[in-house]
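Chemist: Let me begin by handing over the structure; questions about it come next.
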Amino acid sequence: MIKSLVLGAAATAVALAPTHALAGPYLNPEFNGATVGDDYLGGVLNIDVGYEGGQGAYSWFIQGGPAVVMPDGAEDEVEFAGKFGGAVQVAENVSVYGELSGITGDEFSWGSKLGLKYAF
């Protein structure tokens, strides 16, 4: 029941979100699920509020909020998750970006992301 309610609210928020990018505050509901082979492990629904900005070739963001952890076959838990990151344009069509993220729980977990984006 709670899963359906939360997923419905997230889908509505995504549908009503503007399609153009603006600097400033934003809402970022996001679901991440995981499988190994044919075995579904569960997922996490993040309902983040964030702020982004930048100037020239530099952009940045910070966001956070509740995270509904939904392991397959176990009880859901609500934790807190957040992330921050940014990007630097290194050529006309090329930028480098990075992100650090974390989530509370029995033990604090964190992750990182580093990538290159080529626009054509």
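Within each chain, counting starts at residue 1; across the structure tokens, chains are named A, B, ... in the order shown, with ligands numbered 1 upward in that order.
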Considering only alpha helix (DSSP H) as DSSP defines it on the backbone, what residues of chain A qualify? List them as a list of chain:residue names.

Modeler: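 Those residues are A:Ile2, A:Lys3, A:Ser4, A:Leu5, A:Val6, A:Leu7, A:Gly8, A:Ala9, A:Ala10, A:Ala11, A:Thr12, A:Ala13, A:Val14, A:Ala15, A:Leu16.
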
Chemist: Mind writing the picked residues with N, CA and C atoms as a PDB file, in the first residue's frame?

Modeler:
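Below you can see result20.pdb, which holds the result:
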ATOM      1  N   ILE A   2       1.841   1.313   0.916  1.00  0.00           N
ATOM      2  CA  ILE A   2       2.712   2.494   0.991  1.00  0.00           C
ATOM      3  C   ILE A   2       3.520   2.633  -0.281  1.00  0.00           C
ATOM      4  N   LYS A   3       4.011   1.495  -0.814  1.00  0.00           N
ATOM      5  CA  LYS A   3       4.785   1.543  -2.056  1.00  0.00           C
ATOM      6  C   LYS A   3       3.959   2.150  -3.179  1.00  0.00           C
ATOM      7  N   SER A   4       2.718   1.710  -3.330  1.00  0.00           N
ATOM      8  CA  SER A   4       1.851   2.214  -4.391  1.00  0.00           C
ATOM      9  C   SER A   4       1.596   3.705  -4.228  1.00  0.00           C
ATOM     10  N   LEU A   5       1.356   4.145  -3.004  1.00  0.00           N
ATOM     11  CA  LEU A   5       1.103   5.549  -2.729  1.00  0.00           C
ATOM     12  C   LEU A   5       2.318   6.403  -3.052  1.00  0.00           C
ATOM     13  N   VAL A   6       3.491   5.970  -2.605  1.00  0.00           N
ATOM     14  CA  VAL A   6       4.724   6.727  -2.848  1.00  0.00           C
ATOM     15  C   VAL A   6       5.049   6.745  -4.325  1.00  0.00           C
ATOM     16  N   LEU A   7       4.939   5.601  -4.998  1.00  0.00           N
ATOM     17  CA  LEU A   7       5.227   5.556  -6.434  1.00  0.00           C
ATOM     18  C   LEU A   7       4.247   6.407  -7.223  1.00  0.00           C
ATOM     19  N   GLY A   8       2.980   6.415  -6.830  1.00  0.00           N
ATOM     20  CA  GLY A   8       1.987   7.262  -7.496  1.00  0.00           C
ATOM     21  C   GLY A   8       2.292   8.732  -7.331  1.00  0.00           C
ATOM     22  N   ALA A   9       2.691   9.143  -6.120  1.00  0.00           N
ATOM     23  CA  ALA A   9       3.053  10.547  -5.880  1.00  0.00           C
ATOM     24  C   ALA A   9       4.284  10.940  -6.683  1.00  0.00           C
ATOM     25  N   ALA A  10       5.250  10.044  -6.761  1.00  0.00           N
ATOM     26  CA  ALA A  10       6.466  10.331  -7.532  1.00  0.00           C
ATOM     27  C   ALA A  10       6.156  10.450  -9.014  1.00  0.00           C
ATOM     28  N   ALA A  11       5.314   9.563  -9.538  1.00  0.00           N
ATOM     29  CA  ALA A  11       4.957   9.618 -10.956  1.00  0.00           C
ATOM     30  C   ALA A  11       4.220  10.909 -11.277  1.00  0.00           C
ATOM     31  N   THR A  12       3.333  11.344 -10.380  1.00  0.00           N
ATOM     32  CA  THR A  12       2.622  12.607 -10.579  1.00  0.00           C
ATOM     33  C   THR A  12       3.585  13.780 -10.582  1.00  0.00           C
ATOM     34  N   ALA A  13       4.537  13.793  -9.654  1.00  0.00           N
ATOM     35  CA  ALA A  13       5.518  14.882  -9.596  1.00  0.00           C
ATOM     36  C   ALA A  13       6.347  14.940 -10.871  1.00  0.00           C
ATOM     37  N   VAL A  14       6.734  13.771 -11.386  1.00  0.00           N
ATOM     38  CA  VAL A  14       7.514  13.734 -12.628  1.00  0.00           C
ATOM     39  C   VAL A  14       6.677  14.259 -13.788  1.00  0.00           C
ATOM     40  N   ALA A  15       5.416  13.856 -13.857  1.00  0.00           N
ATOM     41  CA  ALA A  15       4.552  14.285 -14.954  1.00  0.00           C
ATOM     42  C   ALA A  15       4.300  15.789 -14.938  1.00  0.00           C
ATOM     43  N   LEU A  16       4.263  16.390 -13.744  1.00  0.00           N
ATOM     44  CA  LEU A  16       3.973  17.816 -13.629  1.00  0.00           C
ATOM     45  C   LEU A  16       5.224  18.690 -13.675  1.00  0.00           C
TER      46      LEU A  16
END

Chemist: If we count only C-alpha atoms, what is near A:Val49 at a cut-off of 10 Å, once residues fewer than 3 positions away on the same chain are taken out, given as a VMD selection string?

Modeler: chain A and resid 25 to 29 46 62 to 66 82

Chemist: Write a file of the just-selected residues containing N, CA, C and O atoms, as a CSV table (one decimal), in the first residue's frame.

Modeler:
chain,number,residue,atom,x,y,z
A,25,PRO,N,16.0,26.2,-7.4
A,25,PRO,CA,15.4,25.0,-6.7
A,25,PRO,C,14.7,24.1,-7.7
A,25,PRO,O,14.2,24.5,-8.7
A,26,TYR,N,14.7,22.8,-7.3
A,26,TYR,CA,14.0,21.8,-8.1
A,26,TYR,C,13.6,20.6,-7.2
A,26,TYR,O,14.1,20.4,-6.1
A,27,LEU,N,12.7,19.8,-7.8
A,27,LEU,CA,12.2,18.5,-7.2
A,27,LEU,C,12.8,17.4,-8.1
A,27,LEU,O,12.6,17.4,-9.3
A,28,ASN,N,13.4,16.3,-7.5
A,28,ASN,CA,13.9,15.3,-8.2
A,28,ASN,C,13.5,13.9,-7.6
A,28,ASN,O,14.3,13.3,-7.0
A,29,PRO,N,12.3,13.4,-7.9
A,29,PRO,CA,12.0,12.1,-7.5
A,29,PRO,C,12.6,11.1,-8.4
A,29,PRO,O,12.7,11.3,-9.6
A,46,ASN,N,14.0,7.8,-4.0
A,46,ASN,CA,14.5,9.1,-3.5
A,46,ASN,C,13.5,10.2,-3.8
A,46,ASN,O,13.1,10.3,-5.0
A,62,ILE,N,23.2,20.5,-5.4
A,62,ILE,CA,23.1,19.8,-4.1
A,62,ILE,C,21.7,19.5,-3.9
A,62,ILE,O,20.8,20.3,-4.2
A,63,GLN,N,21.4,18.2,-3.5
A,63,GLN,CA,20.0,17.8,-3.2
A,63,GLN,C,20.0,16.7,-2.2
A,63,GLN,O,21.0,16.1,-1.9
A,64,GLY,N,18.8,16.6,-1.6
A,64,GLY,CA,18.6,15.6,-0.5
A,64,GLY,C,17.2,15.5,-0.1
A,64,GLY,O,16.4,16.3,-0.4
A,65,GLY,N,16.9,14.4,0.6
A,65,GLY,CA,15.5,14.2,1.1
A,65,GLY,C,15.3,12.8,1.6
A,65,GLY,O,16.3,12.0,1.7
A,66,PRO,N,14.1,12.4,1.8
A,66,PRO,CA,13.8,11.0,2.3
A,66,PRO,C,14.0,10.0,1.1
A,66,PRO,O,13.9,10.3,0.0
A,82,GLY,N,21.3,12.0,0.1
A,82,GLY,CA,21.7,13.3,-0.5
A,82,GLY,C,22.8,13.1,-1.5
A,82,GLY,O,23.5,12.1,-1.5

Chemist: Within 12 Å of A:Phe120, counting only C-alpha atoms, which residues qualify if same-chain residues fewer than 6 places away don't, as a VMD selection string?

Modeler: chain A and resid 92 to 94

Chemist: Store the residues of this selection in a file with all heavy atoms, as a PDB file, in the first residue's frame.

Modeler:
ATOM      1  N   GLU A  92      33.945  22.937 -26.574  1.00  0.00           N
ATOM      2  CA  GLU A  92      32.638  23.418 -27.022  1.00  0.00           C
ATOM      3  C   GLU A  92      31.518  22.410 -26.771  1.00  0.00           C
ATOM      4  O   GLU A  92      30.450  22.768 -26.303  1.00  0.00           O
ATOM      5  CB  GLU A  92      32.680  23.774 -28.510  1.00  0.00           C
ATOM      6  CG  GLU A  92      31.373  24.360 -29.004  1.00  0.00           C
ATOM      7  CD  GLU A  92      31.433  24.790 -30.452  1.00  0.00           C
ATOM      8  OE1 GLU A  92      32.534  24.934 -31.000  1.00  0.00           O
ATOM      9  OE2 GLU A  92      30.351  24.989 -31.029  1.00  0.00           O
ATOM     10  N   ASN A  93      31.750  21.135 -27.060  1.00  0.00           N
ATOM     11  CA  ASN A  93      30.719  20.104 -26.910  1.00  0.00           C
ATOM     12  C   ASN A  93      31.052  19.069 -25.852  1.00  0.00           C
ATOM     13  O   ASN A  93      30.433  18.008 -25.819  1.00  0.00           O
ATOM     14  CB  ASN A  93      30.500  19.385 -28.246  1.00  0.00           C
ATOM     15  CG  ASN A  93      29.963  20.300 -29.316  1.00  0.00           C
ATOM     16  OD1 ASN A  93      29.406  21.347 -29.034  1.00  0.00           O
ATOM     17  ND2 ASN A  93      30.142  19.903 -30.556  1.00  0.00           N
ATOM     18  N   VAL A  94      32.041  19.321 -24.994  1.00  0.00           N
ATOM     19  CA  VAL A  94      32.501  18.315 -24.046  1.00  0.00           C
ATOM     20  C   VAL A  94      32.524  18.882 -22.626  1.00  0.00           C
ATOM     21  O   VAL A  94      33.039  19.981 -22.403  1.00  0.00           O
ATOM     22  CB  VAL A  94      33.917  17.814 -24.417  1.00  0.00           C
ATOM     23  CG1 VAL A  94      34.390  16.760 -23.421  1.00  0.00           C
ATOM     24  CG2 VAL A  94      33.948  17.267 -25.839  1.00  0.00           C
TER      25      VAL A  94
END
